[in-house]
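Below: the structure, in structure tokens.
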Amino acid sequence: MKYKNKADQPWNVKVSESTPSPNQHVVEVKVSFRDNKLREKMKRTTNVYFAFEFKKYWLKEGIKSARVYKTDSPGKNAQEYSSHMKYTFDSPAKSSLFAQGIERALDIFIMEQILEDKQAEAN
């Protein structure tokens with residue numbers, strides 16, 4: 001199942017960035033649903049965490065990329081899924097890369113949940 005554009009999706013992921021202080025960069029994630037059945041299913045979701053790791057350039061100390069992924073265990077850089085999550089970083093590069101990654105990771109996770117339901121209905 002594929003949606004032609006984001007407006008057709010029964011969910012919306014809103015990611016915003018703010019800088020309360022020079023070395024505190026906050027990424028706030030809000031997930032909303034237009035489909036009540038999907039909203040209820042996602043409310044019952046437990047033991048799903050979103051974690052991240054940053055890759056650095058080999059010769060420089062700059063951040064090259066961020067990997068944001070779903071896991072089933074809590075960890076140092078993991079936060080349990082909810083419809084409202086907040087992450088704090090010490091640099092604007094980290095918060096920006098994370099913001100891009102978390103939106104994609106959540107889209108994939110929610111799509112997996114929808115496909116799971118469709119398969120269960122077919123059986």
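In the structure tokens, the first chain shown is A, the next is B, and so on; residue numbers restart at 1 for each chain, and ligands run from 1 in the order shown.
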Under the rule of at most 9 Å, produce a per-residue listing of stretch 19-70 of chain A near stretch 100-118 of chain A: chain, number, name, the closest pair of atoms, and the distance in Å, as a Markdown table, using only C-alpha atoms.
| residue | atom | partner | partner_atom | distance |
| --- | --- | --- | --- | --- |
| A:Val29 | CA | A:Glu103 | CA | 8.2 |
| A:Val31 | CA | A:Leu106 | CA | 8.6 |
| A:Leu38 | CA | A:Ile114 | CA | 7.5 |
| A:Lys41 | CA | A:Gln113 | CA | 8.5 |
| A:Met42 | CA | A:Ile110 | CA | 8.2 |
| A:Phe50 | CA | A:Ile102 | CA | 7.9 |
| A:Ala51 | CA | A:Ile102 | CA | 9.0 |
| A:Phe52 | CA | A:Ile102 | CA | 8.7 |
| A:Ala66 | CA | A:Gly101 | CA | 6.9 |
| A:Arg67 | CA | A:Gly101 | CA | 6.7 |
| A:Val68 | CA | A:Gly101 | CA | 5.4 |
| A:Tyr69 | CA | A:Ala105 | CA | 6.1 |
| A:Lys70 | CA | A:Ala105 | CA | 7.2 |
Considering only C-alpha atoms, state which residue in the set A:Thr46, A:Ser65, A:Ser95, A:Ser18 is at the smallest distance from A:Glu80.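 Nearest candidate to A:Glu80 out of A:Thr46, A:Ser65, A:Ser95, A:Ser18: A:Thr46.
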What's around A:Tyr87 at 10 Å? Count only C-alpha atoms, leave out sequence neighbours fewer than 5 positions away in its own chain, and write the answer as a PyMOL selection string. chain A and resi 17+25-29+77-79+95+98-99
Using only C-alpha atoms, which of A:Gln24, A:Ser82, A:Asn12, A:Gln119 sits nearest A:Asn47?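 For A:Asn47, the nearest of the candidates is A:Ser82.
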Using DSSP on the backbone, list every residue of chain A that comes out as alpha helix (DSSP H), and give them as number ranges by chain. A: 36-43, 92-122
Atom CA of A:Arg44 to atom CA of A:Leu97, distance in Å rounded to a single decimal: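 If I compute the distance from atom CA of A:Arg44 to atom CA of A:Leu97, I get 28.7 Å.
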For a test of reading the model, state the distance in Å between atom CA of A:Ser32 and atom CA of A:Asp72, rounded to one decimal.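 Atom CA of A:Ser32 sits 22.0 Å away from atom CA of A:Asp72.
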So which residues of stretch 35-96 of chain A fall under strand (DSSP E) by DSSP, listed as a list in words? Tyr49, Phe50, Ala51, Phe52, Glu53, Phe54, Lys55, Lys56, Ile63, Lys64, Ser65, Ala66, Arg67, Val68, Tyr69, Lys70, Thr71, Ala78, Gln79, Glu80, His84, Met85, Lys86, Tyr87, Thr88 and Phe89 of chain A
Distance criterion (only C-alpha atoms): nearest to A:Lys94 out of A:Arg39, A:Gly75, A:Ala122, A:Asn23: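 Nearest to A:Lys94: A:Asn23.
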Straight-line distance linking atom CA of A:Ser16 with atom CA of A:Asn36, stated in Å to one decimal: 24.4 Å
